[in-house]
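K.L.:
Data file start34.pdb (PDB, C-alpha atoms) is appended below.
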```
ATOM      1  CA  MET A  14     -58.600 -21.672   9.977
ATOM      2  CA  THR A  15     -57.036 -22.493   6.683
ATOM      3  CA  MET A  16     -57.741 -19.029   5.291
ATOM      4  CA  THR A  17     -56.194 -17.395   8.356
ATOM      5  CA  THR A  18     -53.041 -19.476   8.007
ATOM      6  CA  GLY A  19     -52.784 -18.630   4.323
ATOM      7  CA  THR A  20     -53.112 -14.938   5.058
ATOM      8  CA  SER A  21     -50.501 -15.184   7.766
ATOM      9  CA  MET A  22     -48.061 -16.924   5.424
ATOM     10  CA  THR A  23     -48.593 -14.327   2.735
ATOM     11  CA  THR A  24     -47.999 -11.496   5.171
ATOM     12  CA  GLY A  25     -44.857 -13.175   6.466
ATOM     13  CA  THR A  26     -43.538 -13.586   2.946
ATOM     14  CA  SER A  27     -44.092  -9.936   2.101
ATOM     15  CA  MET A  28     -42.262  -8.922   5.254
ATOM     16  CA  ILE A  29     -39.229 -11.010   4.288
ATOM     17  CA  THR A  30     -39.063 -10.227   0.580
ATOM     18  CA  GLY A  31     -39.412  -6.621   1.296
ATOM     19  CA  THR A  32     -42.269  -4.588  -0.158
ATOM     20  CA  GLU A  33     -43.585  -3.500   3.256
ATOM     21  CA  GLY A  34     -43.462  -4.183   6.985
ATOM     22  CA  PRO A  35     -41.007  -3.578   9.821
ATOM     23  CA  TRP A  36     -38.479  -6.152   8.535
ATOM     24  CA  HIS A  37     -38.034  -4.377   5.190
ATOM     25  CA  LEU A  38     -34.392  -4.433   4.040
ATOM     26  CA  PRO A  39     -33.760  -2.481   0.780
ATOM     27  CA  GLY A  40     -30.815  -4.624  -0.224
ATOM     28  CA  PHE A  41     -32.959  -7.755  -0.226
ATOM     29  CA  ARG A  42     -35.259  -6.376  -2.891
ATOM     30  CA  ARG A  43     -32.635  -6.656  -5.611
ATOM     31  CA  PRO A  44     -32.582 -10.052  -7.283
ATOM     32  CA  HIS A  45     -29.427 -12.083  -6.631
ATOM     33  CA  ARG A  46     -28.424 -14.402  -9.463
ATOM     34  CA  HIS A  47     -26.122 -17.369  -9.520
ATOM     35  CA  ASP A  48     -26.120 -17.870 -13.263
ATOM     36  CA  HIS A  49     -23.096 -19.928 -14.290
ATOM     37  CA  ALA A  50     -23.470 -18.790 -17.899
ATOM     38  CA  ASP A  51     -22.928 -15.157 -16.866
ATOM     39  CA  SER A  52     -19.733 -15.992 -14.951
ATOM     40  CA  LEU A  53     -18.526 -18.110 -17.866
ATOM     41  CA  ASP A  54     -19.048 -15.193 -20.259
ATOM     42  CA  ASP A  55     -17.085 -12.911 -17.923
ATOM     43  CA  ALA A  56     -14.260 -15.461 -17.711
ATOM     44  CA  MET A  57     -14.123 -15.824 -21.504
ATOM     45  CA  LEU A  58     -14.029 -12.046 -21.939
ATOM     46  CA  ALA A  59     -11.230 -11.735 -19.388
ATOM     47  CA  ASP A  60      -9.303 -14.566 -20.990
ATOM     48  CA  ARG A  61      -9.583 -13.011 -24.462
ATOM     49  CA  ALA A  62      -8.565  -9.582 -23.158
ATOM     50  CA  GLY A  63      -5.594 -11.086 -21.339
ATOM     51  CA  ARG A  64      -4.367 -12.954 -24.402
ATOM     52  CA  ARG A  65      -4.714  -9.826 -26.528
ATOM     53  CA  ALA A  66      -2.720  -7.764 -24.017
ATOM     54  CA  LEU A  67       0.020 -10.378 -23.958
ATOM     55  CA  ALA A  68       0.191 -10.626 -27.746
ATOM     56  CA  ILE A  69       0.323  -6.872 -28.388
ATOM     57  CA  SER A  70       2.868  -6.109 -25.676
ATOM     58  CA  LEU A  71       4.933  -9.158 -26.688
ATOM     59  CA  ALA A  72       5.108  -7.941 -30.301
ATOM     60  CA  GLY A  73       6.130  -4.443 -29.198
ATOM     61  CA  LEU A  74       8.881  -5.711 -26.910
ATOM     62  CA  LEU A  75      10.227  -8.146 -29.491
ATOM     63  CA  VAL A  76      10.496  -5.387 -32.098
ATOM     64  CA  THR A  77      12.211  -3.125 -29.553
ATOM     65  CA  ALA A  78      14.654  -5.861 -28.512
ATOM     66  CA  ALA A  79      15.434  -6.787 -32.134
ATOM     67  CA  VAL A  80      16.309  -3.179 -33.004
ATOM     68  CA  GLN A  81      18.456  -2.907 -29.887
ATOM     69  CA  ALA A  82      20.251  -6.173 -30.697
ATOM     70  CA  VAL A  83      21.335  -4.775 -34.068
ATOM     71  CA  ILE A  84      22.753  -1.651 -32.404
ATOM     72  CA  VAL A  85      24.457  -3.772 -29.695
ATOM     73  CA  ALA A  86      26.243  -5.727 -32.431
ATOM     74  CA  ALA A  87      27.398  -2.515 -34.110
ATOM     75  CA  SER A  88      28.362  -0.588 -30.975
ATOM     76  CA  GLY A  89      29.528  -3.188 -28.460
ATOM     77  CA  SER A  90      27.646  -1.432 -25.665
ATOM     78  CA  VAL A  91      27.245  -3.709 -22.650
ATOM     79  CA  GLY A  92      24.725  -1.313 -21.102
ATOM     80  CA  LEU A  93      22.477  -1.593 -24.121
ATOM     81  CA  LEU A  94      23.109  -5.343 -24.120
ATOM     82  CA  ALA A  95      21.684  -5.521 -20.601
ATOM     83  CA  ASP A  96      18.596  -3.611 -21.694
ATOM     84  CA  THR A  97      18.190  -5.883 -24.717
ATOM     85  CA  ILE A  98      18.440  -9.004 -22.555
ATOM     86  CA  HIS A  99      15.788  -7.613 -20.252
ATOM     87  CA  ASN A 100      13.486  -6.810 -23.151
ATOM     88  CA  PHE A 101      13.776 -10.331 -24.544
ATOM     89  CA  ALA A 102      13.208 -11.731 -21.056
ATOM     90  CA  ASP A 103      10.201  -9.487 -20.569
ATOM     91  CA  ALA A 104       8.747 -10.749 -23.830
ATOM     92  CA  LEU A 105       9.364 -14.348 -22.726
ATOM     93  CA  THR A 106       7.330 -13.809 -19.563
ATOM     94  CA  ALA A 107       4.283 -13.911 -21.829
ATOM     95  CA  VAL A 108       4.791 -17.689 -22.023
ATOM     96  CA  PRO A 109       4.024 -18.604 -18.368
ATOM     97  CA  ILE A 110       1.212 -16.061 -18.231
ATOM     98  CA  GLY A 111      -0.281 -17.432 -21.443
ATOM     99  CA  LEU A 112      -0.100 -20.946 -20.015
ATOM    100  CA  ALA A 113      -1.773 -19.689 -16.843
ATOM    101  CA  PHE A 114      -4.658 -18.289 -18.871
ATOM    102  CA  LEU A 115      -5.082 -21.663 -20.601
ATOM    103  CA  VAL A 116      -4.965 -23.608 -17.325
ATOM    104  CA  ALA A 117      -7.345 -21.191 -15.599
ATOM    105  CA  ARG A 118     -10.000 -21.984 -18.221
ATOM    106  CA  ARG A 119     -10.234 -25.601 -17.058
ATOM    107  CA  PRO A 120     -13.375 -26.394 -15.064
ATOM    108  CA  ALA A 121     -13.231 -27.300 -11.396
ATOM    109  CA  SER A 122     -12.425 -30.916 -10.620
ATOM    110  CA  ARG A 123     -12.737 -33.178  -7.617
ATOM    111  CA  ARG A 124      -9.172 -32.388  -6.609
ATOM    112  CA  TYR A 125      -9.417 -28.620  -7.315
ATOM    113  CA  THR A 126     -12.969 -27.870  -6.330
ATOM    114  CA  TYR A 127     -12.493 -24.100  -6.709
ATOM    115  CA  GLY A 128     -11.019 -24.379 -10.184
ATOM    116  CA  TYR A 129      -7.560 -23.524 -11.503
ATOM    117  CA  GLY A 130      -7.576 -19.742 -11.088
ATOM    118  CA  ARG A 131      -4.533 -19.854  -8.792
ATOM    119  CA  ALA A 132      -2.420 -20.800 -11.824
ATOM    120  CA  GLU A 133      -1.992 -17.067 -12.420
ATOM    121  CA  ASP A 134      -0.407 -16.708  -8.988
ATOM    122  CA  LEU A 135       2.222 -19.257 -10.009
ATOM    123  CA  ALA A 136       2.703 -17.371 -13.270
ATOM    124  CA  GLY A 137       3.413 -14.246 -11.240
ATOM    125  CA  LEU A 138       6.204 -16.106  -9.452
ATOM    126  CA  ALA A 139       7.542 -17.248 -12.837
ATOM    127  CA  VAL A 140       7.681 -13.610 -13.948
ATOM    128  CA  VAL A 141       9.829 -12.776 -10.911
ATOM    129  CA  ALA A 142      12.092 -15.762 -11.636
ATOM    130  CA  VAL A 143      12.625 -14.705 -15.266
ATOM    131  CA  MET A 144      13.339 -11.126 -14.179
ATOM    132  CA  THR A 145      15.909 -12.339 -11.660
ATOM    133  CA  ALA A 146      17.611 -14.636 -14.185
ATOM    134  CA  SER A 147      17.824 -11.910 -16.824
ATOM    135  CA  ALA A 148      19.340  -9.513 -14.279
ATOM    136  CA  ALA A 149      21.938 -12.140 -13.355
ATOM    137  CA  ILE A 150      22.897 -12.648 -17.008
ATOM    138  CA  ALA A 151      23.218  -8.899 -17.583
ATOM    139  CA  ALA A 152      25.350  -8.557 -14.456
ATOM    140  CA  TRP A 153      27.637 -11.368 -15.632
ATOM    141  CA  GLN A 154      28.112  -9.642 -18.999
ATOM    142  CA  ALA A 155      28.876  -6.329 -17.281
ATOM    143  CA  ILE A 156      31.466  -7.959 -15.007
ATOM    144  CA  GLY A 157      33.064  -9.570 -18.027
ATOM    145  CA  ARG A 158      33.309  -6.186 -19.727
ATOM    146  CA  LEU A 159      34.961  -4.690 -16.643
ATOM    147  CA  VAL A 160      37.554  -7.469 -16.689
ATOM    148  CA  HIS A 161      38.045  -7.279 -20.473
ATOM    149  CA  PRO A 162      37.238  -3.683 -21.510
ATOM    150  CA  ARG A 163      36.431  -2.786 -25.103
ATOM    151  CA  PRO A 164      35.679   0.581 -26.746
ATOM    152  CA  VAL A 165      32.057   1.495 -27.476
ATOM    153  CA  HIS A 166      31.108   2.859 -30.913
ATOM    154  CA  GLU A 167      28.051   4.676 -32.321
ATOM    155  CA  LEU A 168      27.148   6.396 -29.060
ATOM    156  CA  ILE A 169      24.347   8.439 -30.665
ATOM    157  CA  TRP A 170      22.637   5.258 -31.829
ATOM    158  CA  VAL A 171      23.154   3.666 -28.415
ATOM    159  CA  ALA A 172      21.405   6.612 -26.754
ATOM    160  CA  ALA A 173      18.571   6.488 -29.299
ATOM    161  CA  ALA A 174      18.151   2.753 -28.718
ATOM    162  CA  GLY A 175      18.014   3.332 -24.969
ATOM    163  CA  ILE A 176      15.204   5.856 -25.413
ATOM    164  CA  ALA A 177      13.377   3.478 -27.742
ATOM    165  CA  GLY A 178      13.768   0.706 -25.179
ATOM    166  CA  PHE A 179      12.257   2.873 -22.465
ATOM    167  CA  ALA A 180       9.334   3.830 -24.695
ATOM    168  CA  GLY A 181       8.658   0.214 -25.670
ATOM    169  CA  ASN A 182       8.757  -0.964 -22.070
ATOM    170  CA  GLU A 183       6.519   1.834 -20.836
ATOM    171  CA  PHE A 184       3.976   1.063 -23.558
ATOM    172  CA  ALA A 185       3.952  -2.624 -22.568
ATOM    173  CA  ALA A 186       3.767  -1.712 -18.865
ATOM    174  CA  ARG A 187       0.811   0.653 -19.187
ATOM    175  CA  TYR A 188      -1.110  -1.732 -21.409
ATOM    176  CA  ARG A 189      -0.526  -4.816 -19.262
ATOM    177  CA  ILE A 190      -1.259  -3.055 -15.964
ATOM    178  CA  ARG A 191      -4.453  -1.493 -17.324
ATOM    179  CA  VAL A 192      -5.814  -4.749 -18.753
ATOM    180  CA  GLY A 193      -4.596  -6.803 -15.781
ATOM    181  CA  SER A 194      -6.331  -4.470 -13.316
ATOM    182  CA  ARG A 195      -9.535  -4.558 -15.361
ATOM    183  CA  ILE A 196      -9.753  -8.349 -15.591
ATOM    184  CA  GLY A 197      -8.298  -9.042 -12.121
ATOM    185  CA  SER A 198      -5.088 -10.741 -13.292
ATOM    186  CA  ALA A 199      -2.323 -10.391 -10.688
ATOM    187  CA  ALA A 200       0.200 -12.022 -13.040
ATOM    188  CA  LEU A 201      -0.493  -9.570 -15.855
ATOM    189  CA  VAL A 202      -0.172  -6.608 -13.474
ATOM    190  CA  ALA A 203       3.104  -8.027 -12.115
ATOM    191  CA  ASP A 204       4.401  -8.431 -15.647
ATOM    192  CA  GLY A 205       3.483  -4.829 -16.384
ATOM    193  CA  HIS A 206       5.434  -3.587 -13.361
ATOM    194  CA  HIS A 207       8.344  -5.741 -14.514
ATOM    195  CA  ALA A 208       8.293  -4.006 -17.905
ATOM    196  CA  ARG A 209       8.203  -0.575 -16.240
ATOM    197  CA  THR A 210      11.138  -1.469 -13.972
ATOM    198  CA  ASP A 211      13.063  -2.714 -17.006
ATOM    199  CA  GLY A 212      12.445   0.595 -18.784
ATOM    200  CA  PHE A 213      13.784   2.685 -15.920
TER     201      PHE A 213
END
```
Show me this structure written as structure tokens.
P.N.:
Amino acid sequence: MTMTTGTSMTTGTSMITGTEGPWHLPGFRRPHRHDHADSLDDAMLADRAGRRALAISLAGLLVTAAVQAVIVAASGSVGLLADTIHNFADALTAVPIGLAFLVARRPASRRYTYGYGRAEDLAGLAVVAVMTASAAIAAWQAIGRLVHPRPVHELIWVAAAGIAGFAGNEFAARYRIRVGSRIGSAALVADGHHARTDGF
């Protein structure tokens, strides 16, 4: 009796786990792991990649904006001023995203049982807020120039700075969108689209 039961249990197990029998499901044969160390390694890799993307694109945009600021001072171009403001603002959006990466690394707590990953969603909203504020400042400067017109000098350099601004923004956009898509960061992707919009 005992041997029969043991045989029956063994047969039942093989039918469930999947080497033979009518209940064989191929997908159940692959081992399914819930190793926290693996997910932690993935999170650390994503966090490092995100910080690197922010740092590199931030440096590129700051250099672009600094060069444009010098030409704005020499030429008095309000159009280039608007582009420069946007570039500085785009560089500043690295701050809320960087903070989001730091907050997202915190472990789950009793209050936030699923962790702090949604911090990046809030960072995405901060990116939109910074973009809106920078556009408002540029619009105010343009209105002021319409009311109090001034001649623009060094038009060749203004055009060259505009092209450089587009190139810098497109570089930052491609890099941020690519890394953001790879690591699953909605905020980094949003910031990349912001940079591309600023370039155009």
K.L.:
Which of these, A:Gly157, A:Gly73, A:Gly175, A:Pro164, has the shortest distance to Thr97 (chain A) once you count only C-alpha atoms?
P.N.:
A:Gly175
K.L.:
Taking 6 positions as the minimum chain separation for residues in the same chain, which residues sit within 6 Å of region 135-147 of chain A when counting all atoms listed in the file? Answer as a PyMOL selection string.
P.N.:
chain A and resi 99+106+109-110+200
K.L.:
When you look at Arg195 (chain A) with a cut-off of 10 Å (counting only C-alpha atoms), what residues show up, excluding the ones that are within fewer than 3 positions of it in the same chain? I need them as a list in words.
P.N.:
Ala59, Ala62, Gly63, Arg189, Ile190, Arg191, Val192, Ser198 and Val202 of chain A
K.L.:
Taking the file as I've supplied it (selection: the PyMOL selection byres ((chain A and resi 79) around 12)), which residues are included? Please answer as a list of chain:residue names.
P.N.:
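Going through the file, the PyMOL selection byres ((chain A and resi 79) around 12) ends up selecting A:Ala72, A:Gly73, A:Leu74, A:Leu75, A:Val76, A:Thr77, A:Ala78, A:Val80, A:Gln81, A:Ala82, A:Val83, A:Ile84, A:Val85, A:Ala86, A:Leu93, A:Leu94, A:Asp96, A:Thr97, A:Ile98, A:His99, A:Asn100, A:Phe101, A:Ala104, A:Ala174, A:Ala177, A:Gly178, A:Gly181.
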K.L.:
Output the selection as a PDB file, keeping the file's coordinate frame - C-alpha atoms for each residue.
P.N.:
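Written file, selection_9.pdb:
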```pdb
ATOM      1  CA  ALA A  72       5.108  -7.941 -30.301  1.00  0.00           C
ATOM      2  CA  GLY A  73       6.130  -4.443 -29.198  1.00  0.00           C
ATOM      3  CA  LEU A  74       8.881  -5.711 -26.910  1.00  0.00           C
ATOM      4  CA  LEU A  75      10.227  -8.146 -29.491  1.00  0.00           C
ATOM      5  CA  VAL A  76      10.496  -5.387 -32.098  1.00  0.00           C
ATOM      6  CA  THR A  77      12.211  -3.125 -29.553  1.00  0.00           C
ATOM      7  CA  ALA A  78      14.654  -5.861 -28.512  1.00  0.00           C
ATOM      8  CA  VAL A  80      16.309  -3.179 -33.004  1.00  0.00           C
ATOM      9  CA  GLN A  81      18.456  -2.907 -29.887  1.00  0.00           C
ATOM     10  CA  ALA A  82      20.251  -6.173 -30.697  1.00  0.00           C
ATOM     11  CA  VAL A  83      21.335  -4.775 -34.068  1.00  0.00           C
ATOM     12  CA  ILE A  84      22.753  -1.651 -32.404  1.00  0.00           C
ATOM     13  CA  VAL A  85      24.457  -3.772 -29.695  1.00  0.00           C
ATOM     14  CA  ALA A  86      26.243  -5.727 -32.431  1.00  0.00           C
ATOM     15  CA  LEU A  93      22.477  -1.593 -24.121  1.00  0.00           C
ATOM     16  CA  LEU A  94      23.109  -5.343 -24.120  1.00  0.00           C
ATOM     17  CA  ASP A  96      18.596  -3.611 -21.694  1.00  0.00           C
ATOM     18  CA  THR A  97      18.190  -5.883 -24.717  1.00  0.00           C
ATOM     19  CA  ILE A  98      18.440  -9.004 -22.555  1.00  0.00           C
ATOM     20  CA  HIS A  99      15.788  -7.613 -20.252  1.00  0.00           C
ATOM     21  CA  ASN A 100      13.486  -6.810 -23.151  1.00  0.00           C
ATOM     22  CA  PHE A 101      13.776 -10.331 -24.544  1.00  0.00           C
ATOM     23  CA  ALA A 104       8.747 -10.749 -23.830  1.00  0.00           C
ATOM     24  CA  ALA A 174      18.151   2.753 -28.718  1.00  0.00           C
ATOM     25  CA  ALA A 177      13.377   3.478 -27.742  1.00  0.00           C
ATOM     26  CA  GLY A 178      13.768   0.706 -25.179  1.00  0.00           C
ATOM     27  CA  GLY A 181       8.658   0.214 -25.670  1.00  0.00           C
TER      28      GLY A 181
END
```
K.L.:
Considering all atoms listed in the file, state which residue in the set A:Tyr127, A:Phe114, A:Trp170, A:Phe213 is at the smallest distance from Arg65 (chain A).
P.N.:
A:Phe114
K.L.:
So the first atom is CA of Ala151 (chain A) and the second is CA of Ala185 (chain A); what is the distance between them in Å, to one decimal place?
P.N.:
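Pair CA of Ala151 (chain A) / CA of Ala185 (chain A) returns 20.9 Å.
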K.L.:
Could you tell me how far CA of Ala186 (chain A) sits from CA of Val91 (chain A), in Å to one decimal place?
P.N.:
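Pair CA of Val91 (chain A) / CA of Ala186 (chain A) returns 23.9 Å.
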